[in-house]
$ cat upload_31.txt   # compact mmCIF, C-alpha atoms
# COMPACT_ATOMS: atom_id res chain seq x y z
CA MET Z 1 8.70 -23.59 -2.26
CA PRO Z 2 9.27 -21.57 0.96
CA TRP Z 3 8.08 -18.01 1.03
CA ARG Z 4 10.47 -15.16 1.69
CA LEU Z 5 9.73 -12.77 4.56
CA LEU Z 6 11.13 -9.26 4.18
CA GLU Z 7 11.21 -6.75 7.03
CA GLU Z 8 11.54 -2.95 6.94
CA ASN Z 9 14.17 -1.18 4.84
CA GLY Z 10 14.07 2.31 6.34
CA ARG Z 11 11.31 4.89 6.61
CA ASP Z 12 11.78 6.85 3.35
CA ILE Z 13 8.49 6.60 1.45
CA PHE Z 14 10.07 7.16 -1.96
CA ARG Z 15 12.68 4.42 -1.57
CA ASN Z 16 10.08 2.07 -0.11
CA LEU Z 17 7.79 2.57 -3.09
CA ALA Z 18 10.73 1.97 -5.42
CA ILE Z 19 11.32 -1.34 -3.61
CA GLU Z 20 7.65 -2.25 -4.03
CA GLU Z 21 7.80 -1.80 -7.79
CA ALA Z 22 11.17 -3.53 -8.02
CA LEU Z 23 9.81 -6.61 -6.23
CA ALA Z 24 7.02 -6.92 -8.79
CA ARG Z 25 9.03 -6.14 -11.91
CA VAL Z 26 12.09 -8.24 -11.09
CA ASN Z 27 9.84 -11.23 -10.45
CA VAL Z 28 8.00 -10.66 -13.72
CA GLU Z 29 11.31 -10.94 -15.57
CA SER Z 30 12.57 -13.93 -13.56
CA LYS Z 31 11.94 -17.55 -14.51
CA LYS Z 32 12.21 -18.48 -10.84
CA LYS Z 33 9.57 -16.40 -9.04
CA MET Z 34 10.11 -15.55 -5.35
CA ASN Z 35 6.92 -15.71 -3.30
CA THR Z 36 7.32 -12.85 -0.84
CA LEU Z 37 5.62 -11.26 2.15
CA ARG Z 38 7.01 -7.84 3.06
CA PHE Z 39 6.33 -5.57 6.04
CA TRP Z 40 7.39 -1.92 6.08
CA ARG Z 41 6.56 1.43 7.64
CA THR Z 42 7.25 5.02 6.74
CA ASP Z 43 7.33 8.53 8.10
CA SER Z 44 4.28 10.73 7.45
CA ALA Z 45 3.27 10.66 3.80
CA VAL Z 46 0.35 10.83 1.41
CA VAL Z 47 0.49 8.16 -1.32
CA LEU Z 48 -1.51 8.64 -4.50
CA GLY Z 49 -2.68 5.84 -6.75
CA ARG Z 50 -1.02 5.80 -10.14
CA PHE Z 51 -4.01 7.21 -12.02
CA GLN Z 52 -4.92 10.02 -9.63
CA CYS Z 53 -4.46 13.78 -9.69
CA LEU Z 54 -2.86 15.46 -6.70
CA HIS Z 55 -5.16 18.50 -6.59
CA LYS Z 56 -8.23 16.24 -6.42
CA GLU Z 57 -6.97 14.11 -3.53
CA THR Z 58 -4.78 16.06 -1.15
CA ASN Z 59 -4.61 19.31 0.78
CA ILE Z 60 -1.32 20.36 -0.79
CA ARG Z 61 -0.70 23.40 1.40
CA PHE Z 62 -1.36 21.44 4.61
CA CYS Z 63 1.05 18.69 3.61
CA GLU Z 64 3.76 21.17 2.69
CA ALA Z 65 3.30 23.15 5.92
CA HIS Z 66 3.59 19.98 8.02
CA LYS Z 67 6.39 18.42 5.97
CA ILE Z 68 4.26 15.46 4.95
CA ALA Z 69 5.71 13.79 1.87
CA ILE Z 70 3.61 13.42 -1.27
CA ALA Z 71 4.34 10.26 -3.25
CA ARG Z 72 2.81 8.05 -5.95
CA ARG Z 73 2.86 4.26 -6.19
CA PHE Z 74 2.95 2.17 -9.37
CA THR Z 75 -0.43 0.51 -8.69
CA GLY Z 76 -3.90 2.00 -9.04
CA GLY Z 77 -6.49 2.55 -6.34
CA GLY Z 78 -7.12 5.47 -4.02
CA THR Z 79 -5.01 7.86 -1.99
CA VAL Z 80 -3.88 6.82 1.50
CA TYR Z 81 -2.17 8.51 4.41
CA GLN Z 82 0.69 6.77 6.18
CA ASP Z 83 2.72 7.41 9.31
CA LYS Z 84 4.60 5.36 11.91
CA GLY Z 85 1.28 4.09 13.27
CA ASN Z 86 0.55 2.38 9.96
CA LEU Z 87 1.88 -1.02 8.88
CA ASN Z 88 2.29 -1.74 5.18
CA PHE Z 89 2.11 -5.28 3.88
CA SER Z 90 3.08 -6.51 0.41
CA ILE Z 91 2.47 -9.91 -1.16
CA CYS Z 92 4.18 -11.06 -4.36
CA ALA Z 93 3.02 -14.50 -5.51
CA ASP Z 94 3.77 -16.80 -8.41
CA ARG Z 95 0.59 -17.19 -10.51
CA ARG Z 96 1.42 -20.84 -11.11
CA GLU Z 97 0.51 -21.53 -7.48
CA ASP Z 98 -3.12 -22.61 -6.99
CA TYR Z 99 -3.71 -19.89 -4.38
CA ALA Z 100 -2.58 -17.14 -6.80
CA LYS Z 101 -4.50 -18.04 -9.96
CA GLY Z 102 -7.65 -15.98 -9.49
CA THR Z 103 -8.75 -12.55 -10.64
CA LEU Z 104 -7.64 -9.53 -8.65
CA PRO Z 105 -10.88 -9.43 -6.59
CA GLU Z 106 -10.46 -13.14 -5.87
CA LEU Z 107 -6.89 -12.58 -4.77
CA TYR Z 108 -7.99 -9.75 -2.47
CA LYS Z 109 -10.53 -12.11 -0.96
CA SER Z 110 -7.88 -14.79 -0.42
CA PHE Z 111 -4.99 -12.71 0.87
CA VAL Z 112 -6.63 -9.64 2.43
CA GLY Z 113 -9.38 -11.88 3.77
CA CYS Z 114 -6.66 -14.05 5.29
CA ILE Z 115 -5.23 -10.99 7.04
CA ALA Z 116 -8.68 -10.14 8.46
CA GLU Z 117 -8.97 -13.67 9.83
CA ALA Z 118 -5.46 -13.44 11.29
CA LEU Z 119 -6.44 -10.25 13.13
CA GLN Z 120 -9.54 -11.94 14.52
CA LYS Z 121 -7.36 -14.61 16.09
CA ILE Z 122 -5.50 -12.00 18.16
CA GLY Z 123 -8.57 -10.17 19.38
CA VAL Z 124 -9.21 -7.62 16.63
CA PRO Z 125 -12.85 -7.79 15.40
CA ALA Z 126 -11.83 -7.37 11.77
CA GLU Z 127 -14.06 -8.26 8.82
CA PHE Z 128 -13.18 -8.46 5.14
CA ASP Z 129 -15.34 -6.23 2.92
CA GLU Z 130 -15.55 -8.06 -0.42
CA TYR Z 131 -17.22 -5.11 -2.17
CA ARG Z 132 -14.43 -2.62 -1.35
CA SER Z 133 -11.64 -5.24 -0.99
CA CYS Z 134 -10.69 -3.87 2.41
CA ILE Z 135 -10.80 -4.72 6.11
CA ARG Z 136 -13.24 -3.06 8.49
CA ILE Z 137 -13.96 -2.88 12.19
CA ASP Z 138 -17.59 -2.13 13.03
CA GLY Z 139 -18.10 -0.86 9.48
CA LYS Z 140 -15.12 1.48 9.55
CA LYS Z 141 -12.17 0.97 7.25
CA ILE Z 142 -8.68 0.11 8.55
CA THR Z 143 -6.99 -0.81 5.26
CA GLY Z 144 -6.36 0.51 1.80
CA THR Z 145 -5.39 -2.04 -0.87
CA ALA Z 146 -4.12 -2.08 -4.44
CA GLY Z 147 -2.97 -4.82 -6.78
CA TRP Z 148 -1.19 -5.65 -10.02
CA ILE Z 149 -1.27 -8.80 -12.13
CA LYS Z 150 1.19 -9.25 -14.97
CA GLN Z 151 3.15 -12.01 -16.70
CA GLY Z 152 2.83 -14.66 -14.03
CA ILE Z 153 2.96 -12.40 -10.96
CA ALA Z 154 0.22 -11.38 -8.54
CA PHE Z 155 1.22 -8.37 -6.46
CA ILE Z 156 -1.00 -7.02 -3.68
CA HIS Z 157 -0.10 -4.36 -1.16
CA GLY Z 158 -1.99 -2.50 1.48
CA THR Z 159 -2.01 -0.36 4.57
CA LEU Z 160 -3.12 -1.34 8.06
CA LEU Z 161 -4.08 1.52 10.38
CA ILE Z 162 -2.87 0.43 13.80
CA ASP Z 163 -2.32 3.71 15.65
CA SER Z 164 -2.16 6.35 12.91
CA ASN Z 165 -3.10 9.96 13.55
CA ILE Z 166 -6.63 10.07 12.13
CA ASP Z 167 -6.96 13.83 12.59
CA ILE Z 168 -3.90 14.43 10.41
CA LEU Z 169 -5.12 11.81 7.93
CA LEU Z 170 -8.45 13.58 7.50
CA GLN Z 171 -6.80 16.97 6.98
CA CYS Z 172 -4.32 15.58 4.45
CA LEU Z 173 -7.03 13.91 2.38
CA ASP Z 174 -9.48 16.83 2.43
CA ALA Z 175 -8.63 18.52 -0.88
CA PRO Z 176 -9.87 22.12 -1.01
CA GLU Z 177 -11.18 23.63 -4.22
CA LYS Z 178 -9.09 25.87 -6.49
CA GLN Z 179 -5.74 24.31 -5.67
CA PRO Z 180 -2.87 24.40 -8.18
CA VAL Z 181 -3.66 21.82 -10.85
CA TYR Z 182 -1.33 18.87 -11.43
CA LEU Z 183 -1.91 16.45 -14.30
CA ARG Z 184 -0.46 12.97 -14.39
CA GLU Z 185 1.49 12.40 -17.62
CA GLY Z 186 -0.52 15.17 -19.26
CA ARG Z 187 -3.86 13.40 -18.77
CA THR Z 188 -6.86 15.45 -17.68
CA ARG Z 189 -8.87 12.47 -16.44
CA CYS Z 190 -8.39 11.82 -12.72
CA MET Z 191 -9.39 8.61 -10.98
CA GLU Z 192 -10.91 9.82 -7.72
CA SER Z 193 -10.79 8.02 -4.37
CA LYS Z 194 -13.92 6.47 -2.92
CA ARG Z 195 -14.50 8.29 0.36
CA ASP Z 196 -15.03 6.20 3.48
CA ILE Z 197 -15.08 6.33 7.26
CA VAL Z 198 -11.75 5.21 8.69
CA THR Z 199 -10.51 4.18 12.11
CA THR Z 200 -7.54 2.46 13.74
CA ILE Z 201 -7.12 -0.76 15.68
CA HIS Z 202 -6.13 1.24 18.77
CA ARG Z 203 -9.35 3.25 18.61
CA GLU Z 204 -11.53 0.16 18.37
CA VAL Z 205 -9.79 -2.40 20.61
CA ASP Z 206 -9.40 -1.95 24.37
CA SER Z 207 -6.23 -4.03 24.61
CA PRO Z 208 -4.75 -3.85 21.11
CA PRO Z 209 -2.04 -6.27 20.00
CA SER Z 210 1.47 -5.00 19.39
CA VAL Z 211 2.87 -4.45 15.91
CA GLU Z 212 5.00 -7.58 16.29
CA GLU Z 213 1.97 -9.63 17.31
CA ILE Z 214 0.13 -8.36 14.24
CA LYS Z 215 3.05 -9.25 11.96
CA THR Z 216 3.25 -12.74 13.47
CA ALA Z 217 -0.50 -13.26 13.03
CA ILE Z 218 -0.38 -12.19 9.38
CA THR Z 219 2.65 -14.39 8.74
CA ASN Z 220 0.82 -17.36 10.25
CA GLY Z 221 -2.20 -16.59 8.10
CA ILE Z 222 -0.11 -16.65 4.93
CA LYS Z 223 1.35 -19.97 6.05
CA GLU Z 224 -2.15 -21.41 6.35
CA ILE Z 225 -3.36 -20.51 2.87
CA THR Z 226 -0.08 -21.30 1.08
CA ARG Z 227 0.90 -24.32 3.20
CA ASP Z 228 4.48 -23.11 3.00
CA ILE Z 229 6.95 -21.85 5.53
CA LEU Z 230 8.26 -18.29 5.54
CA ILE Z 231 11.97 -17.64 5.89
CA LEU Z 232 13.36 -14.25 6.87
CA LYS Z 233 15.60 -13.05 4.05
CA THR Z 234 16.78 -9.87 2.36
CA LEU Z 235 16.36 -8.26 -1.04
CA THR Z 236 18.44 -9.76 -3.83
CA MET Z 237 21.18 -7.69 -5.42
CA THR Z 238 19.07 -7.47 -8.59
CA GLU Z 239 16.11 -6.10 -6.60
CA ILE Z 240 18.34 -3.58 -4.83
CA GLN Z 241 19.81 -2.36 -8.12
CA HIS Z 242 16.41 -2.21 -9.80
CA SER Z 243 14.89 -0.29 -6.89
CA GLU Z 244 17.76 2.21 -6.98
CA LEU Z 245 17.21 2.79 -10.70
CA LEU Z 246 13.49 3.28 -10.08
CA TYR Z 247 14.26 5.69 -7.27
CA GLN Z 248 16.70 7.72 -9.35
CA ASN Z 249 14.56 7.78 -12.50
CA ARG Z 250 11.07 7.97 -11.03
CA TYR Z 251 10.38 8.16 -7.29
CA SER Z 252 12.84 10.95 -6.51
CA HIS Z 253 11.19 13.23 -9.10
CA ALA Z 254 8.30 15.60 -8.42
CA ASN Z 255 6.92 15.01 -11.93
CA TRP Z 256 6.24 11.37 -11.05
CA ASN Z 257 4.95 11.96 -7.52
CA ARG Z 258 2.92 15.11 -8.06
CA GLY Z 259 2.44 15.26 -11.81
CA GLU Z 260 2.97 18.26 -14.08
CA LEU Z 261 1.92 21.62 -12.71
CA VAL Z 262 -0.47 23.35 -15.11
CA PRO Z 263 0.02 27.14 -14.85
CA ASN Z 264 -3.07 29.30 -14.35
CA LYS Z 265 -5.50 26.44 -14.79
CA ASP Z 266 -8.27 25.25 -12.48
CA LEU Z 267 -9.92 21.86 -13.06
CA SER Z 268 -11.27 21.48 -9.52
$ encode --input "upload_31.txt" --output "structure tokens"
Amino acid sequence: MPWRLLEENGRDIFRNLAIEEALARVNVESKKKMNTLRFWRTDSAVVLGRFQCLHKETNIRFCEAHKIAIARRFTGGGTVYQDKGNLNFSICADRREDYAKGTLPELYKSFVGCIAEALQKIGVPAEFDEYRSCIRIDGKKITGTAGWIKQGIAFIHGTLLIDSNIDILLQCLDAPEKQPVYLREGRTRCMESKRDIVTTIHREVDSPPSVEEIKTAITNGIKEITRDILILKTLTMTEIQHSELLYQNRYSHANWNRGELVPNKDLS
């Protein structure tokens, strides 16, 4: 069955994250799964993993002063910074397909590893790190990844630092002590990010490929491991409606994105 290729749907981080969750959940409920590769970008934002606490991950005051959005995705994993120099990729695959039957680490190795190989073919010395399920250049990280497996669907998404502002990234993700405390759904346990050295493709490659060249390389890589073609399409009406409901009920609310503010409490 041909894969569907989805391109960007605007730069709003909250609506884009609603679309991500809608893609996964609509396919879970559908008898006819839609294998999908999606590319999207966003304006400056910090994106928390579902099980993380804002005050442990982010310099809240810096983000607010520089109008950097603070959002939360529906998958786990660590906090990432995104801007227009970052390319997001999302893969939604039917678990009945041979290439989508493994565990989450195995799926990272297949799909994220495929992206690393695709980058190599266009002159980027990328290597897949099986231990951290990420892509590196000369030991430095250029991706963040997260995944979700449920009821016949494998969903993997990640970031690719092409020309992001690393200085801003480092300041956003340097959480000072004694910040206001935010708890996710009332839980005091916070899953903390694994710190790493990051870089961008532009910093490491003398003649870096364009964003379109990178997209084409990744698309070709997906073709190779799935042995299917990819056809440029759009979201279905059901996905659009589901993403709008998710946006209205979840992603547009501070309680979801930041968590509940705990007055006069310090858990740093």
$ residues_around --input "upload_31.txt" --residues "region 39-47 of chain Z" --least-positions-apart "3" --cutoff "9 Å" --atoms "all atoms listed in the file" --output "PyMOL selection string"
chain Z and resi 5-13+16+58+63+67-73+78-90+169+172-173+215+257
$ atom_distance --input "upload_31.txt" --atom1 "CA of Arg184 (chain Z)" --atom2 "CA of Cys53 (chain Z)"
6.2 Å
$ atom_distance --input "upload_31.txt" --atom1 "CA of Trp3 (chain Z)" --atom2 "CA of Thr36 (chain Z)"
5.5 Å
$ atom_distance --input "upload_31.txt" --atom1 "CA of Glu117 (chain Z)" --atom2 "CA of Asp196 (chain Z)"
21.7 Å
$ closest_residue --input "upload_31.txt" --among "Z:Phe62, Z:Arg4, Z:Ile19, Z:Val124" --to "Leu246 (chain Z)" --atoms "only C-alpha atoms"
Z:Ile19
$ residues_around --input "upload_31.txt" --residues "Asn27 (chain Z)" --least-positions-apart "5" --cutoff "9 Å" --atoms "all atoms listed in the file" --output "PyMOL selection string"
chain Z and resi 22+32-35+92+94+152-153+239
$ closest_residue --input "upload_31.txt" --among "Z:Lys140, Z:His242, Z:Arg227, Z:Arg38" --to "His157 (chain Z)" --atoms "only C-alpha atoms"
Z:Arg38
$ closest_residue --input "upload_31.txt" --among "Z:Ile137, Z:Leu230, Z:Ile214, Z:Ala254" --to "Tyr182 (chain Z)" --atoms "only C-alpha atoms"
Z:Ala254
$ residues_around --input "upload_31.txt" --residues "region 203-207 of chain Z" --least-positions-apart "6" --cutoff "9 Å" --atoms "all atoms listed in the file" --output "list in words"
Gly123, Val124, Pro125, Ile137, Asp138, Ile162 and Asp163 of chain Z
$ residues_around --input "upload_31.txt" --residues "Phe14 (chain Z)" --least-positions-apart "3" --cutoff "7 Å" --atoms "only C-alpha atoms" --output "ChimeraX atom specification"
/Z:17-18,71,247,251-252
$ build_atoms --input "upload_31.txt" --residues "region 154-175 of chain Z" --atoms "N, CA and C atoms" --output "PDB file, keeping the file's coordinate frame"
ATOM      1  N   ALA Z 154       1.290 -12.084  -9.240  1.00  0.00           N
ATOM      2  CA  ALA Z 154       0.220 -11.380  -8.540  1.00  0.00           C
ATOM      3  C   ALA Z 154       0.859 -10.563  -7.428  1.00  0.00           C
ATOM      4  N   PHE Z 155       0.634  -9.261  -7.460  1.00  0.00           N
ATOM      5  CA  PHE Z 155       1.220  -8.370  -6.460  1.00  0.00           C
ATOM      6  C   PHE Z 155       0.100  -7.598  -5.782  1.00  0.00           C
ATOM      7  N   ILE Z 156       0.002  -7.736  -4.478  1.00  0.00           N
ATOM      8  CA  ILE Z 156      -1.000  -7.020  -3.680  1.00  0.00           C
ATOM      9  C   ILE Z 156      -0.287  -6.306  -2.549  1.00  0.00           C
ATOM     10  N   HIS Z 157      -0.623  -5.039  -2.350  1.00  0.00           N
ATOM     11  CA  HIS Z 157      -0.100  -4.360  -1.160  1.00  0.00           C
ATOM     12  C   HIS Z 157      -1.180  -3.511  -0.525  1.00  0.00           C
ATOM     13  N   GLY Z 158      -0.970  -3.244   0.765  1.00  0.00           N
ATOM     14  CA  GLY Z 158      -1.990  -2.500   1.480  1.00  0.00           C
ATOM     15  C   GLY Z 158      -1.459  -1.861   2.750  1.00  0.00           C
ATOM     16  N   THR Z 159      -2.314  -1.044   3.317  1.00  0.00           N
ATOM     17  CA  THR Z 159      -2.010  -0.360   4.570  1.00  0.00           C
ATOM     18  C   THR Z 159      -2.854  -0.975   5.684  1.00  0.00           C
ATOM     19  N   LEU Z 160      -2.355  -0.890   6.889  1.00  0.00           N
ATOM     20  CA  LEU Z 160      -3.120  -1.340   8.060  1.00  0.00           C
ATOM     21  C   LEU Z 160      -2.983  -0.270   9.138  1.00  0.00           C
ATOM     22  N   LEU Z 161      -4.095   0.423   9.411  1.00  0.00           N
ATOM     23  CA  LEU Z 161      -4.080   1.520  10.380  1.00  0.00           C
ATOM     24  C   LEU Z 161      -4.130   0.947  11.791  1.00  0.00           C
ATOM     25  N   ILE Z 162      -2.980   0.963  12.439  1.00  0.00           N
ATOM     26  CA  ILE Z 162      -2.870   0.430  13.800  1.00  0.00           C
ATOM     27  C   ILE Z 162      -3.052   1.549  14.820  1.00  0.00           C
ATOM     28  N   ASP Z 163      -2.236   2.579  14.713  1.00  0.00           N
ATOM     29  CA  ASP Z 163      -2.320   3.710  15.650  1.00  0.00           C
ATOM     30  C   ASP Z 163      -1.986   5.011  14.931  1.00  0.00           C
ATOM     31  N   SER Z 164      -2.435   5.146  13.698  1.00  0.00           N
ATOM     32  CA  SER Z 164      -2.160   6.350  12.910  1.00  0.00           C
ATOM     33  C   SER Z 164      -2.925   7.548  13.468  1.00  0.00           C
ATOM     34  N   ASN Z 165      -2.443   8.732  13.127  1.00  0.00           N
ATOM     35  CA  ASN Z 165      -3.100   9.960  13.550  1.00  0.00           C
ATOM     36  C   ASN Z 165      -4.255  10.261  12.594  1.00  0.00           C
ATOM     37  N   ILE Z 166      -5.455   9.925  13.002  1.00  0.00           N
ATOM     38  CA  ILE Z 166      -6.630  10.070  12.130  1.00  0.00           C
ATOM     39  C   ILE Z 166      -6.937  11.537  11.847  1.00  0.00           C
ATOM     40  N   ASP Z 167      -6.701  12.411  12.811  1.00  0.00           N
ATOM     41  CA  ASP Z 167      -6.960  13.830  12.590  1.00  0.00           C
ATOM     42  C   ASP Z 167      -6.079  14.376  11.459  1.00  0.00           C
ATOM     43  N   ILE Z 168      -4.806  14.004  11.473  1.00  0.00           N
ATOM     44  CA  ILE Z 168      -3.900  14.430  10.410  1.00  0.00           C
ATOM     45  C   ILE Z 168      -4.312  13.787   9.086  1.00  0.00           C
ATOM     46  N   LEU Z 169      -4.665  12.512   9.134  1.00  0.00           N
ATOM     47  CA  LEU Z 169      -5.120  11.810   7.930  1.00  0.00           C
ATOM     48  C   LEU Z 169      -6.273  12.559   7.265  1.00  0.00           C
ATOM     49  N   LEU Z 170      -7.268  12.928   8.056  1.00  0.00           N
ATOM     50  CA  LEU Z 170      -8.450  13.580   7.500  1.00  0.00           C
ATOM     51  C   LEU Z 170      -8.106  14.936   6.889  1.00  0.00           C
ATOM     52  N   GLN Z 171      -7.193  15.668   7.521  1.00  0.00           N
ATOM     53  CA  GLN Z 171      -6.800  16.970   6.980  1.00  0.00           C
ATOM     54  C   GLN Z 171      -5.999  16.816   5.688  1.00  0.00           C
ATOM     55  N   CYS Z 172      -5.124  15.812   5.650  1.00  0.00           N
ATOM     56  CA  CYS Z 172      -4.320  15.580   4.450  1.00  0.00           C
ATOM     57  C   CYS Z 172      -5.179  15.226   3.245  1.00  0.00           C
ATOM     58  N   LEU Z 173      -6.226  14.435   3.488  1.00  0.00           N
ATOM     59  CA  LEU Z 173      -7.030  13.910   2.380  1.00  0.00           C
ATOM     60  C   LEU Z 173      -8.274  14.737   2.100  1.00  0.00           C
ATOM     61  N   ASP Z 174      -8.364  15.921   2.688  1.00  0.00           N
ATOM     62  CA  ASP Z 174      -9.480  16.830   2.430  1.00  0.00           C
ATOM     63  C   ASP Z 174      -8.993  17.898   1.440  1.00  0.00           C
ATOM     64  N   ALA Z 175      -9.157  17.626   0.163  1.00  0.00           N
ATOM     65  CA  ALA Z 175      -8.630  18.520  -0.880  1.00  0.00           C
ATOM     66  C   ALA Z 175      -9.543  19.729  -1.071  1.00  0.00           C
TER      67      ALA Z 175
END
